$ cat data_3.pdb   # PDB, C-alpha atoms and all ligand atoms
ATOM      1  CA  MET A   1     -31.195 -48.452  16.514  1.00  0.00           C
ATOM      2  CA  ALA A   2     -32.192 -48.379  20.178  1.00  0.00           C
ATOM      3  CA  LYS A   3     -35.065 -50.597  21.196  1.00  0.00           C
ATOM      4  CA  PRO A   4     -38.334 -48.737  21.745  1.00  0.00           C
ATOM      5  CA  LEU A   5     -38.949 -47.715  25.342  1.00  0.00           C
ATOM      6  CA  VAL A   6     -42.180 -48.584  27.162  1.00  0.00           C
ATOM      7  CA  LEU A   7     -43.139 -47.283  30.590  1.00  0.00           C
ATOM      8  CA  CYS A   8     -45.551 -49.624  32.378  1.00  0.00           C
ATOM      9  CA  SER A   9     -47.726 -48.533  35.256  1.00  0.00           C
ATOM     10  CA  ASN A  10     -51.120 -49.311  36.765  1.00  0.00           C
ATOM     11  CA  ASP A  11     -53.430 -48.360  39.620  1.00  0.00           C
ATOM     12  CA  ASP A  12     -53.681 -51.776  41.297  1.00  0.00           C
ATOM     13  CA  GLY A  13     -50.167 -51.486  42.675  1.00  0.00           C
ATOM     14  CA  ILE A  14     -46.709 -52.883  41.958  1.00  0.00           C
ATOM     15  CA  ASP A  15     -47.655 -56.364  43.166  1.00  0.00           C
ATOM     16  CA  SER A  16     -50.398 -56.862  40.573  1.00  0.00           C
ATOM     17  CA  PRO A  17     -49.607 -60.104  38.741  1.00  0.00           C
ATOM     18  CA  HIS A  18     -51.191 -58.686  35.568  1.00  0.00           C
ATOM     19  CA  LEU A  19     -48.742 -55.748  35.528  1.00  0.00           C
ATOM     20  CA  LEU A  20     -45.725 -58.010  35.760  1.00  0.00           C
ATOM     21  CA  ALA A  21     -47.101 -60.497  33.207  1.00  0.00           C
ATOM     22  CA  LEU A  22     -47.669 -57.614  30.768  1.00  0.00           C
ATOM     23  CA  ALA A  23     -44.207 -56.144  31.371  1.00  0.00           C
ATOM     24  CA  ASP A  24     -42.616 -59.545  30.687  1.00  0.00           C
ATOM     25  CA  LEU A  25     -44.419 -59.849  27.340  1.00  0.00           C
ATOM     26  CA  ILE A  26     -43.475 -56.305  26.304  1.00  0.00           C
ATOM     27  CA  ALA A  27     -39.839 -56.933  27.258  1.00  0.00           C
ATOM     28  CA  ALA A  28     -39.654 -59.280  24.239  1.00  0.00           C
ATOM     29  CA  PHE A  29     -39.796 -56.298  21.850  1.00  0.00           C
ATOM     30  CA  ALA A  30     -39.012 -53.181  23.912  1.00  0.00           C
ATOM     31  CA  GLU A  31     -36.997 -51.866  26.779  1.00  0.00           C
ATOM     32  CA  VAL A  32     -39.318 -51.724  29.783  1.00  0.00           C
ATOM     33  CA  VAL A  33     -39.409 -49.511  32.854  1.00  0.00           C
ATOM     34  CA  VAL A  34     -42.063 -50.364  35.447  1.00  0.00           C
ATOM     35  CA  VAL A  35     -43.175 -47.812  38.004  1.00  0.00           C
ATOM     36  CA  ALA A  36     -46.396 -48.381  39.902  1.00  0.00           C
ATOM     37  CA  PRO A  37     -48.025 -47.332  43.167  1.00  0.00           C
ATOM     38  CA  GLU A  38     -46.767 -49.204  46.224  1.00  0.00           C
ATOM     39  CA  ARG A  39     -50.381 -50.045  47.093  1.00  0.00           C
ATOM     40  CA  GLN A  40     -53.824 -50.305  45.508  1.00  0.00           C
ATOM     41  CA  ARG A  41     -54.838 -46.858  44.132  1.00  0.00           C
ATOM     42  CA  SER A  42     -57.858 -47.638  41.972  1.00  0.00           C
ATOM     43  CA  ALA A  43     -60.301 -44.786  41.213  1.00  0.00           C
ATOM     44  CA  ALA A  44     -57.558 -42.222  41.910  1.00  0.00           C
ATOM     45  CA  SER A  45     -58.411 -40.531  38.624  1.00  0.00           C
ATOM     46  CA  HIS A  46     -55.836 -37.881  37.634  1.00  0.00           C
ATOM     47  CA  ALA A  47     -54.759 -36.986  41.178  1.00  0.00           C
ATOM     48  CA  ILE A  48     -51.165 -35.938  41.831  1.00  0.00           C
ATOM     49  CA  THR A  49     -49.436 -35.602  45.196  1.00  0.00           C
ATOM     50  CA  LEU A  50     -48.384 -32.014  45.784  1.00  0.00           C
ATOM     51  CA  HIS A  51     -48.084 -31.818  49.567  1.00  0.00           C
ATOM     52  CA  LYS A  52     -46.235 -34.963  50.620  1.00  0.00           C
ATOM     53  CA  PRO A  53     -42.868 -36.508  49.741  1.00  0.00           C
ATOM     54  CA  LEU A  54     -42.895 -39.353  47.247  1.00  0.00           C
ATOM     55  CA  ARG A  55     -40.667 -42.320  48.095  1.00  0.00           C
ATOM     56  CA  LEU A  56     -39.310 -44.501  45.310  1.00  0.00           C
ATOM     57  CA  THR A  57     -38.226 -48.115  45.889  1.00  0.00           C
ATOM     58  CA  GLU A  58     -36.332 -50.150  43.299  1.00  0.00           C
ATOM     59  CA  ARG A  59     -37.836 -53.633  43.640  1.00  0.00           C
ATOM     60  CA  ALA A  60     -35.737 -55.157  40.835  1.00  0.00           C
ATOM     61  CA  PRO A  61     -33.658 -53.646  38.012  1.00  0.00           C
ATOM     62  CA  GLY A  62     -35.987 -51.282  36.131  1.00  0.00           C
ATOM     63  CA  ARG A  63     -38.932 -52.119  38.427  1.00  0.00           C
ATOM     64  CA  TYR A  64     -39.980 -49.415  40.866  1.00  0.00           C
ATOM     65  CA  SER A  65     -42.748 -48.707  43.325  1.00  0.00           C
ATOM     66  CA  LEU A  66     -43.705 -45.187  44.357  1.00  0.00           C
ATOM     67  CA  SER A  67     -45.660 -43.982  47.391  1.00  0.00           C
ATOM     68  CA  GLY A  68     -47.986 -41.977  45.140  1.00  0.00           C
ATOM     69  CA  THR A  69     -50.846 -42.113  42.699  1.00  0.00           C
ATOM     70  CA  PRO A  70     -50.798 -43.691  39.231  1.00  0.00           C
ATOM     71  CA  VAL A  71     -50.268 -40.261  37.654  1.00  0.00           C
ATOM     72  CA  ASP A  72     -47.411 -39.533  40.093  1.00  0.00           C
ATOM     73  CA  CYS A  73     -45.820 -42.753  38.848  1.00  0.00           C
ATOM     74  CA  VAL A  74     -45.962 -41.713  35.201  1.00  0.00           C
ATOM     75  CA  TYR A  75     -44.823 -38.179  36.048  1.00  0.00           C
ATOM     76  CA  VAL A  76     -41.781 -39.420  37.985  1.00  0.00           C
ATOM     77  CA  GLY A  77     -41.217 -42.301  35.591  1.00  0.00           C
ATOM     78  CA  VAL A  78     -41.049 -40.218  32.427  1.00  0.00           C
ATOM     79  CA  ILE A  79     -38.862 -37.490  33.940  1.00  0.00           C
ATOM     80  CA  LYS A  80     -36.589 -39.442  36.300  1.00  0.00           C
ATOM     81  CA  LEU A  81     -36.507 -43.119  35.346  1.00  0.00           C
ATOM     82  CA  CYS A  82     -36.253 -43.206  31.559  1.00  0.00           C
ATOM     83  CA  GLY A  83     -32.598 -42.192  31.362  1.00  0.00           C
ATOM     84  CA  GLY A  84     -33.329 -38.948  29.530  1.00  0.00           C
ATOM     85  CA  ARG A  85     -35.267 -40.751  26.799  1.00  0.00           C
ATOM     86  CA  LYS A  86     -38.917 -40.171  26.055  1.00  0.00           C
ATOM     87  CA  PRO A  87     -40.932 -43.391  26.252  1.00  0.00           C
ATOM     88  CA  ASP A  88     -42.588 -44.414  23.006  1.00  0.00           C
ATOM     89  CA  VAL A  89     -45.531 -45.839  24.917  1.00  0.00           C
ATOM     90  CA  VAL A  90     -46.928 -45.409  28.411  1.00  0.00           C
ATOM     91  CA  VAL A  91     -49.113 -48.423  29.077  1.00  0.00           C
ATOM     92  CA  SER A  92     -51.276 -48.751  32.161  1.00  0.00           C
ATOM     93  CA  GLY A  93     -52.649 -52.053  33.399  1.00  0.00           C
ATOM     94  CA  VAL A  94     -53.669 -54.676  32.991  1.00  0.00           C
ATOM     95  CA  ASN A  95     -56.341 -53.464  35.389  1.00  0.00           C
ATOM     96  CA  ASP A  96     -58.317 -55.987  37.383  1.00  0.00           C
ATOM     97  CA  GLY A  97     -61.734 -54.714  36.240  1.00  0.00           C
ATOM     98  CA  TYR A  98     -63.249 -52.943  33.258  1.00  0.00           C
ATOM     99  CA  ASN A  99     -62.973 -49.249  32.471  1.00  0.00           C
ATOM    100  CA  LEU A 100     -65.955 -48.717  30.184  1.00  0.00           C
ATOM    101  CA  GLY A 101     -67.934 -45.602  29.319  1.00  0.00           C
ATOM    102  CA  SER A 102     -67.868 -42.981  32.075  1.00  0.00           C
ATOM    103  CA  ASP A 103     -65.507 -45.174  34.141  1.00  0.00           C
ATOM    104  CA  VAL A 104     -62.706 -43.375  32.274  1.00  0.00           C
ATOM    105  CA  PHE A 105     -63.302 -40.243  34.402  1.00  0.00           C
ATOM    106  CA  TYR A 106     -62.716 -42.084  37.690  1.00  0.00           C
ATOM    107  CA  SER A 107     -60.099 -44.569  36.598  1.00  0.00           C
ATOM    108  CA  GLY A 108     -56.506 -44.387  37.774  1.00  0.00           C
ATOM    109  CA  THR A 109     -55.626 -46.865  35.029  1.00  0.00           C
ATOM    110  CA  VAL A 110     -56.895 -44.553  32.304  1.00  0.00           C
ATOM    111  CA  ALA A 111     -55.405 -41.469  33.997  1.00  0.00           C
ATOM    112  CA  ALA A 112     -51.910 -42.981  33.915  1.00  0.00           C
ATOM    113  CA  ALA A 113     -52.273 -43.570  30.163  1.00  0.00           C
ATOM    114  CA  VAL A 114     -53.597 -40.026  29.694  1.00  0.00           C
ATOM    115  CA  GLU A 115     -50.594 -38.650  31.617  1.00  0.00           C
ATOM    116  CA  GLY A 116     -48.329 -40.557  29.241  1.00  0.00           C
ATOM    117  CA  ALA A 117     -50.099 -38.977  26.274  1.00  0.00           C
ATOM    118  CA  LEU A 118     -49.862 -35.494  27.834  1.00  0.00           C
ATOM    119  CA  ARG A 119     -46.117 -36.114  28.044  1.00  0.00           C
ATOM    120  CA  GLY A 120     -45.820 -37.027  24.369  1.00  0.00           C
ATOM    121  CA  ALA A 121     -45.953 -40.826  24.476  1.00  0.00           C
ATOM    122  CA  ALA A 122     -48.633 -43.078  23.073  1.00  0.00           C
ATOM    123  CA  GLY A 123     -51.008 -43.667  26.007  1.00  0.00           C
ATOM    124  CA  ILE A 124     -52.640 -47.071  26.304  1.00  0.00           C
ATOM    125  CA  ALA A 125     -54.957 -48.201  29.104  1.00  0.00           C
ATOM    126  CA  LEU A 126     -55.604 -51.940  29.445  1.00  0.00           C
ATOM    127  CA  SER A 127     -58.459 -53.264  31.577  1.00  0.00           C
ATOM    128  CA  MET A 128     -59.852 -56.733  32.002  1.00  0.00           C
ATOM    129  CA  ASN A 129     -62.864 -58.588  33.314  1.00  0.00           C
ATOM    130  CA  PRO A 130     -62.233 -59.229  37.024  1.00  0.00           C
ATOM    131  CA  ARG A 131     -63.615 -62.729  36.457  1.00  0.00           C
ATOM    132  CA  ALA A 132     -61.423 -63.511  33.434  1.00  0.00           C
ATOM    133  CA  THR A 133     -61.316 -67.175  32.494  1.00  0.00           C
ATOM    134  CA  ASP A 134     -58.234 -66.750  30.280  1.00  0.00           C
ATOM    135  CA  PRO A 135     -56.258 -63.774  31.624  1.00  0.00           C
ATOM    136  CA  ALA A 136     -53.084 -64.796  29.777  1.00  0.00           C
ATOM    137  CA  HIS A 137     -54.912 -64.473  26.450  1.00  0.00           C
ATOM    138  CA  ALA A 138     -56.130 -60.979  27.356  1.00  0.00           C
ATOM    139  CA  ILE A 139     -52.692 -59.864  28.499  1.00  0.00           C
ATOM    140  CA  ALA A 140     -51.238 -61.120  25.198  1.00  0.00           C
ATOM    141  CA  PHE A 141     -53.859 -59.071  23.339  1.00  0.00           C
ATOM    142  CA  GLY A 142     -52.834 -56.010  25.367  1.00  0.00           C
ATOM    143  CA  ALA A 143     -49.168 -56.562  24.539  1.00  0.00           C
ATOM    144  CA  SER A 144     -50.032 -56.841  20.840  1.00  0.00           C
ATOM    145  CA  VAL A 145     -51.789 -53.450  21.005  1.00  0.00           C
ATOM    146  CA  VAL A 146     -48.628 -51.955  22.532  1.00  0.00           C
ATOM    147  CA  ARG A 147     -46.536 -53.518  19.779  1.00  0.00           C
ATOM    148  CA  ALA A 148     -48.815 -52.122  17.058  1.00  0.00           C
ATOM    149  CA  ALA A 149     -48.776 -48.644  18.635  1.00  0.00           C
ATOM    150  CA  ILE A 150     -44.969 -48.678  18.524  1.00  0.00           C
ATOM    151  CA  ALA A 151     -44.866 -49.820  14.886  1.00  0.00           C
ATOM    152  CA  GLU A 152     -47.507 -47.299  13.789  1.00  0.00           C
ATOM    153  CA  PRO A 153     -48.038 -44.558  16.374  1.00  0.00           C
ATOM    154  CA  VAL A 154     -51.445 -42.904  16.596  1.00  0.00           C
ATOM    155  CA  PRO A 155     -50.540 -39.385  17.800  1.00  0.00           C
ATOM    156  CA  GLY A 156     -53.040 -37.398  19.826  1.00  0.00           C
ATOM    157  CA  THR A 157     -55.064 -40.422  20.819  1.00  0.00           C
ATOM    158  CA  VAL A 158     -55.291 -42.472  23.982  1.00  0.00           C
ATOM    159  CA  LEU A 159     -56.320 -46.057  23.418  1.00  0.00           C
ATOM    160  CA  ASN A 160     -58.704 -47.350  26.059  1.00  0.00           C
ATOM    161  CA  VAL A 161     -58.635 -51.126  25.756  1.00  0.00           C
ATOM    162  CA  ASN A 162     -61.016 -53.489  27.552  1.00  0.00           C
ATOM    163  CA  MET A 163     -60.804 -57.261  27.413  1.00  0.00           C
ATOM    164  CA  PRO A 164     -63.395 -59.863  28.432  1.00  0.00           C
ATOM    165  CA  GLY A 165     -60.630 -62.232  29.503  1.00  0.00           C
ATOM    166  CA  VAL A 166     -62.031 -65.112  27.505  1.00  0.00           C
ATOM    167  CA  THR A 167     -60.307 -67.102  24.796  1.00  0.00           C
ATOM    168  CA  THR A 168     -61.100 -64.977  21.736  1.00  0.00           C
ATOM    169  CA  ASP A 169     -59.173 -63.499  18.826  1.00  0.00           C
ATOM    170  CA  ALA A 170     -61.908 -60.940  18.071  1.00  0.00           C
ATOM    171  CA  TYR A 171     -61.653 -57.225  18.737  1.00  0.00           C
ATOM    172  CA  GLU A 172     -63.689 -54.141  17.836  1.00  0.00           C
ATOM    173  CA  TRP A 173     -62.909 -50.417  17.488  1.00  0.00           C
ATOM    174  CA  THR A 174     -65.521 -48.779  19.673  1.00  0.00           C
ATOM    175  CA  THR A 175     -66.862 -45.585  21.217  1.00  0.00           C
ATOM    176  CA  LEU A 176     -67.327 -45.066  24.957  1.00  0.00           C
ATOM    177  CA  GLY A 177     -70.700 -46.447  25.940  1.00  0.00           C
ATOM    178  CA  ARG A 178     -72.901 -45.995  28.943  1.00  0.00           C
ATOM    179  CA  ARG A 179     -72.554 -48.235  31.938  1.00  0.00           C
ATOM    180  CA  TYR A 180     -75.159 -48.273  34.713  1.00  0.00           C
ATOM    181  CA  TYR A 181     -74.406 -48.470  38.403  1.00  0.00           C
ATOM    182  CA  GLU A 182     -76.425 -48.736  41.542  1.00  0.00           C
ATOM    183  CA  ASP A 183     -76.217 -45.107  42.714  1.00  0.00           C
ATOM    184  CA  ASP A 184     -75.701 -46.205  46.221  1.00  0.00           C
ATOM    185  CA  VAL A 185     -74.497 -44.300  49.282  1.00  0.00           C
ATOM    186  CA  ALA A 186     -74.502 -46.705  52.200  1.00  0.00           C
ATOM    187  CA  GLU A 187     -74.850 -45.131  55.642  1.00  0.00           C
ATOM    188  CA  ARG A 188     -73.517 -47.003  58.665  1.00  0.00           C
ATOM    189  CA  LEU A 189     -72.491 -46.248  62.210  1.00  0.00           C
ATOM    190  CA  ASP A 190     -68.862 -46.487  63.273  1.00  0.00           C
ATOM    191  CA  PRO A 191     -67.949 -48.205  66.592  1.00  0.00           C
ATOM    192  CA  ARG A 192     -68.284 -44.823  68.354  1.00  0.00           C
ATOM    193  CA  GLY A 193     -71.788 -44.338  67.049  1.00  0.00           C
ATOM    194  CA  ARG A 194     -71.023 -41.673  64.454  1.00  0.00           C
ATOM    195  CA  PRO A 195     -72.421 -42.133  60.950  1.00  0.00           C
ATOM    196  CA  TYR A 196     -70.142 -42.716  57.991  1.00  0.00           C
ATOM    197  CA  TYR A 197     -70.834 -43.105  54.277  1.00  0.00           C
ATOM    198  CA  TRP A 198     -69.615 -45.516  51.668  1.00  0.00           C
ATOM    199  CA  VAL A 199     -70.073 -44.441  48.015  1.00  0.00           C
ATOM    200  CA  GLY A 200     -70.225 -46.518  44.875  1.00  0.00           C
ATOM    201  CA  GLY A 201     -72.702 -49.247  44.086  1.00  0.00           C
ATOM    202  CA  GLY A 202     -71.975 -52.193  41.811  1.00  0.00           C
ATOM    203  CA  PRO A 203     -72.526 -52.193  38.028  1.00  0.00           C
ATOM    204  CA  THR A 204     -76.073 -53.078  36.995  1.00  0.00           C
ATOM    205  CA  GLY A 205     -75.801 -53.218  33.197  1.00  0.00           C
ATOM    206  CA  HIS A 206     -75.264 -50.997  30.186  1.00  0.00           C
ATOM    207  CA  ALA A 207     -77.131 -49.122  27.456  1.00  0.00           C
ATOM    208  CA  GLU A 208     -77.509 -51.099  24.235  1.00  0.00           C
ATOM    209  CA  ILE A 209     -75.811 -48.529  22.001  1.00  0.00           C
ATOM    210  CA  ALA A 210     -74.322 -50.135  18.876  1.00  0.00           C
ATOM    211  CA  GLY A 211     -70.601 -49.773  18.443  1.00  0.00           C
ATOM    212  CA  THR A 212     -69.814 -49.051  22.077  1.00  0.00           C
ATOM    213  CA  ASP A 213     -67.208 -50.633  24.347  1.00  0.00           C
ATOM    214  CA  CYS A 214     -69.908 -51.997  26.683  1.00  0.00           C
ATOM    215  CA  VAL A 215     -71.648 -53.836  23.850  1.00  0.00           C
ATOM    216  CA  ALA A 216     -68.411 -55.253  22.407  1.00  0.00           C
ATOM    217  CA  ILE A 217     -67.438 -56.615  25.818  1.00  0.00           C
ATOM    218  CA  HIS A 218     -70.922 -58.041  26.338  1.00  0.00           C
ATOM    219  CA  ARG A 219     -70.453 -59.902  23.034  1.00  0.00           C
ATOM    220  CA  GLY A 220     -67.208 -61.385  24.341  1.00  0.00           C
ATOM    221  CA  HIS A 221     -64.943 -59.281  22.114  1.00  0.00           C
ATOM    222  CA  ASN A 222     -61.910 -57.199  23.000  1.00  0.00           C
ATOM    223  CA  SER A 223     -62.588 -53.467  22.663  1.00  0.00           C
ATOM    224  CA  ILE A 224     -60.287 -50.606  21.617  1.00  0.00           C
ATOM    225  CA  THR A 225     -61.667 -47.089  22.124  1.00  0.00           C
ATOM    226  CA  PRO A 226     -59.531 -44.272  20.687  1.00  0.00           C
ATOM    227  CA  MET A 227     -60.019 -41.140  22.807  1.00  0.00           C
ATOM    228  CA  HIS A 228     -59.118 -37.514  22.108  1.00  0.00           C
ATOM    229  CA  LEU A 229     -57.818 -35.365  24.928  1.00  0.00           C
ATOM    230  CA  ASP A 230     -59.121 -32.206  23.238  1.00  0.00           C
ATOM    231  CA  LEU A 231     -62.158 -31.341  25.379  1.00  0.00           C
ATOM    232  CA  ASN A 232     -63.088 -28.220  23.420  1.00  0.00           C
ATOM    233  CA  ASP A 233     -66.702 -27.936  22.285  1.00  0.00           C
ATOM    234  CA  ARG A 234     -65.869 -25.897  19.170  1.00  0.00           C
ATOM    235  CA  PRO A 235     -69.386 -25.523  17.722  1.00  0.00           C
ATOM    236  CA  ARG A 236     -70.486 -24.009  21.060  1.00  0.00           C
ATOM    237  CA  ILE A 237     -67.811 -21.320  20.685  1.00  0.00           C
ATOM    238  CA  THR A 238     -68.848 -20.313  17.196  1.00  0.00           C
ATOM    239  CA  THR A 239     -72.541 -20.618  18.121  1.00  0.00           C
ATOM    240  CA  PRO A 240     -72.805 -19.707  21.823  1.00  0.00           C
ATOM    241  CA  PRO A 241     -75.863 -20.943  23.702  1.00  0.00           C
ATOM    242  CA  TRP A 242     -76.834 -17.503  25.057  1.00  0.00           C
ATOM    243  CA  ALA A 243     -75.769 -13.871  25.566  1.00  0.00           C
ATOM    244  CA  LEU A 244     -75.208 -12.605  29.115  1.00  0.00           C
ATOM    245  CA  GLU A 245     -77.478  -9.713  29.904  1.00  0.00           C
ATOM    246  CA  GLY A 246     -75.546  -6.586  30.905  1.00  0.00           C
ATOM    247  CA  PHE A 247     -72.228  -7.895  29.551  1.00  0.00           C
ATOM    248  CA  ARG A 248     -70.554  -7.484  26.184  1.00  0.00           C
ATOM    249  CA  VAL A 249     -69.246 -10.522  24.325  1.00  0.00           C
ATOM    250  CA  ILE A 250     -65.926 -10.225  22.497  1.00  0.00           C
ATOM    251  CA  VAL A 251     -65.576 -12.583  19.558  1.00  0.00           C
ATOM    252  CA  SER A 252     -61.983 -13.682  19.061  1.00  0.00           C
ATOM    253  CA  PRO A 253     -60.724 -14.519  15.605  1.00  0.00           C
ATOM    254  CA  THR A 254     -60.424 -18.315  15.262  1.00  0.00           C
TER     255      THR A 254
HETATM  256 MN    MN B 301     -57.514 -50.724  39.434  1.00  0.00          MN
END

$ encode --input "data_3.pdb" --output "structure tokens"
Amino acid sequence: MAKPLVLCSNDDGIDSPHLLALADLIAAFAEVVVVAPERQRSAASHAITLHKPLRLTERAPGRYSLSGTPVDCVYVGVIKLCGGRKPDVVVSGVNDGYNLGSDVFYSGTVAAAVEGALRGAAGIALSMNPRATDPAHAIAFGASVVRAAIAEPVPGTVLNVNMPGVTTDAYEWTTLGRRYYEDDVAERLDPRGRPYYWVGGGPTGHAEIAGTDCVAIHRGHNSITPMHLDLNDRPRITTPPWALEGFRVIVSPT
């Protein structure tokens, strides 16, 4: 039987040491294709490049960089670089920084994993404390999640994994929590005297909601959050919040 196939990507770029360390560990039990942005593309979310050419560079056998976003990488990787096979897993990371709570909406790391899931693979996002004291331990945990997802696939779910980067064997299954940020927009003047803005303040803490990713990480545990991609609010369809005056609602059979 052919070895399972794992596509590795990230949003920190092809030169991220965590990406290559992860790919090396996964290569022990799977065939690995790496395709990652040629430069840092964090917070790219699910952007794709529609109006510019994408250039692919083979850095080493099976290791590619692309002049696009993380999602471009998975898109091109799955269709062009997997030799006609469908990858069993698309894993994204290990990101240099957490993706907790609402971070998942901004994250290029998570988006690459979501793109993998939309294309029929198991999608796994791996993110780590930027001040990890034992990054190798965290990367090994991430690889073990990939291995488990190959052995027993969890269809229809993206796994959002965060790791405190400390020496621990503990992990929790969690929900997305709530992380707080300084809602900062800095205003400065450029050298020509015109104002410019810089968005995004630093994290300031999290809500103490039991069972969440934020709390697990705060306790020094690894966190695995299974996420559905089905965004439908079904109860709202069967029980709509209001009727529009002057318009006629048609109720479709469900
Ligand atoms: Mn990143």

$ axis_aligned_box --input "data_3.pdb" --around "region 68-87 of chain A" --padding-each-side "5 Å" --output "AutoDock Vina command-line options"
--center_x -41.7 --center_y -40.6 --center_z 35.6 --size_x 28.2 --size_y 16.2 --size_z 29.1

$ atom_distance --input "data_3.pdb" --atom1 "CA of Gly205 (chain A)" --atom2 "CA of Tyr180 (chain A)"
5.2 Å

$ resolve_selection --input "data_3.pdb" --expression "the PyMOL selection byres (((chain A and resi 100-111) around 10) and not hetatm)" --output "number ranges by chain"
A: 9-12, 41-47, 69-71, 74, 91-99, 112-117, 123-127, 158-162, 175-180, 206, 212-215, 217, 223, 225

$ write_last_selection --input "data_3.pdb" --atoms "C-alpha atoms" --output "PDB file, keeping the file's coordinate frame"
ATOM      1  CA  SER A   9     -47.726 -48.533  35.256  1.00  0.00           C
ATOM      2  CA  ASN A  10     -51.120 -49.311  36.765  1.00  0.00           C
ATOM      3  CA  ASP A  11     -53.430 -48.360  39.620  1.00  0.00           C
ATOM      4  CA  ASP A  12     -53.681 -51.776  41.297  1.00  0.00           C
ATOM      5  CA  ARG A  41     -54.838 -46.858  44.132  1.00  0.00           C
ATOM      6  CA  SER A  42     -57.858 -47.638  41.972  1.00  0.00           C
ATOM      7  CA  ALA A  43     -60.301 -44.786  41.213  1.00  0.00           C
ATOM      8  CA  ALA A  44     -57.558 -42.222  41.910  1.00  0.00           C
ATOM      9  CA  SER A  45     -58.411 -40.531  38.624  1.00  0.00           C
ATOM     10  CA  HIS A  46     -55.836 -37.881  37.634  1.00  0.00           C
ATOM     11  CA  ALA A  47     -54.759 -36.986  41.178  1.00  0.00           C
ATOM     12  CA  THR A  69     -50.846 -42.113  42.699  1.00  0.00           C
ATOM     13  CA  PRO A  70     -50.798 -43.691  39.231  1.00  0.00           C
ATOM     14  CA  VAL A  71     -50.268 -40.261  37.654  1.00  0.00           C
ATOM     15  CA  VAL A  74     -45.962 -41.713  35.201  1.00  0.00           C
ATOM     16  CA  VAL A  91     -49.113 -48.423  29.077  1.00  0.00           C
ATOM     17  CA  SER A  92     -51.276 -48.751  32.161  1.00  0.00           C
ATOM     18  CA  GLY A  93     -52.649 -52.053  33.399  1.00  0.00           C
ATOM     19  CA  VAL A  94     -53.669 -54.676  32.991  1.00  0.00           C
ATOM     20  CA  ASN A  95     -56.341 -53.464  35.389  1.00  0.00           C
ATOM     21  CA  ASP A  96     -58.317 -55.987  37.383  1.00  0.00           C
ATOM     22  CA  GLY A  97     -61.734 -54.714  36.240  1.00  0.00           C
ATOM     23  CA  TYR A  98     -63.249 -52.943  33.258  1.00  0.00           C
ATOM     24  CA  ASN A  99     -62.973 -49.249  32.471  1.00  0.00           C
ATOM     25  CA  ALA A 112     -51.910 -42.981  33.915  1.00  0.00           C
ATOM     26  CA  ALA A 113     -52.273 -43.570  30.163  1.00  0.00           C
ATOM     27  CA  VAL A 114     -53.597 -40.026  29.694  1.00  0.00           C
ATOM     28  CA  GLU A 115     -50.594 -38.650  31.617  1.00  0.00           C
ATOM     29  CA  GLY A 116     -48.329 -40.557  29.241  1.00  0.00           C
ATOM     30  CA  ALA A 117     -50.099 -38.977  26.274  1.00  0.00           C
ATOM     31  CA  GLY A 123     -51.008 -43.667  26.007  1.00  0.00           C
ATOM     32  CA  ILE A 124     -52.640 -47.071  26.304  1.00  0.00           C
ATOM     33  CA  ALA A 125     -54.957 -48.201  29.104  1.00  0.00           C
ATOM     34  CA  LEU A 126     -55.604 -51.940  29.445  1.00  0.00           C
ATOM     35  CA  SER A 127     -58.459 -53.264  31.577  1.00  0.00           C
ATOM     36  CA  VAL A 158     -55.291 -42.472  23.982  1.00  0.00           C
ATOM     37  CA  LEU A 159     -56.320 -46.057  23.418  1.00  0.00           C
ATOM     38  CA  ASN A 160     -58.704 -47.350  26.059  1.00  0.00           C
ATOM     39  CA  VAL A 161     -58.635 -51.126  25.756  1.00  0.00           C
ATOM     40  CA  ASN A 162     -61.016 -53.489  27.552  1.00  0.00           C
ATOM     41  CA  THR A 175     -66.862 -45.585  21.217  1.00  0.00           C
ATOM     42  CA  LEU A 176     -67.327 -45.066  24.957  1.00  0.00           C
ATOM     43  CA  GLY A 177     -70.700 -46.447  25.940  1.00  0.00           C
ATOM     44  CA  ARG A 178     -72.901 -45.995  28.943  1.00  0.00           C
ATOM     45  CA  ARG A 179     -72.554 -48.235  31.938  1.00  0.00           C
ATOM     46  CA  TYR A 180     -75.159 -48.273  34.713  1.00  0.00           C
ATOM     47  CA  HIS A 206     -75.264 -50.997  30.186  1.00  0.00           C
ATOM     48  CA  THR A 212     -69.814 -49.051  22.077  1.00  0.00           C
ATOM     49  CA  ASP A 213     -67.208 -50.633  24.347  1.00  0.00           C
ATOM     50  CA  CYS A 214     -69.908 -51.997  26.683  1.00  0.00           C
ATOM     51  CA  VAL A 215     -71.648 -53.836  23.850  1.00  0.00           C
ATOM     52  CA  ILE A 217     -67.438 -56.615  25.818  1.00  0.00           C
ATOM     53  CA  SER A 223     -62.588 -53.467  22.663  1.00  0.00           C
ATOM     54  CA  THR A 225     -61.667 -47.089  22.124  1.00  0.00           C
TER      55      THR A 225
END

$ residues_around --input "data_3.pdb" --residues "Glu38 (chain A)" --least-positions-apart "3" --cutoff "8 Å" --atoms "all atoms listed in the file" --output "ChimeraX atom specification"
/A:13-15,65-68

$ closest_residue --input "data_3.pdb" --among "A:Met128, A:Thr157, A:Ala148, A:Arg219" --to "ligand MN 301 (chain B)" --atoms "only C-alpha atoms and all ligand atoms"
A:Met128

$ residues_around --input "data_3.pdb" --residues "Lys3 (chain A)" --least-positions-apart "2" --cutoff "9 Å" --atoms "only C-alpha atoms" --output "list of chain:residue names"
A:Met1, A:Leu5, A:Phe29, A:Ala30, A:Glu31

$ closest_residue --input "data_3.pdb" --among "A:Arg119, A:Val249, A:Leu244, A:Ile237" --to "Val78 (chain A)" --atoms "all atoms listed in the file"
A:Arg119

$ atom_distance --input "data_3.pdb" --atom1 "CA of Tyr64 (chain A)" --atom2 "CA of Ala36 (chain A)"
6.6 Å

$ atom_distance --input "data_3.pdb" --atom1 "CA of Ile26 (chain A)" --atom2 "CA of Ala143 (chain A)"
6.0 Å

$ residues_around --input "data_3.pdb" --residues "Gly156 (chain A)" --least-positions-apart "5" --cutoff "10 Å" --atoms "all atoms listed in the file" --output "list in words"
Ala117, Leu118, Gly120, Ala121, Ala122, Gly123, Pro226, Met227, His228, Leu229 and Asp230 of chain A
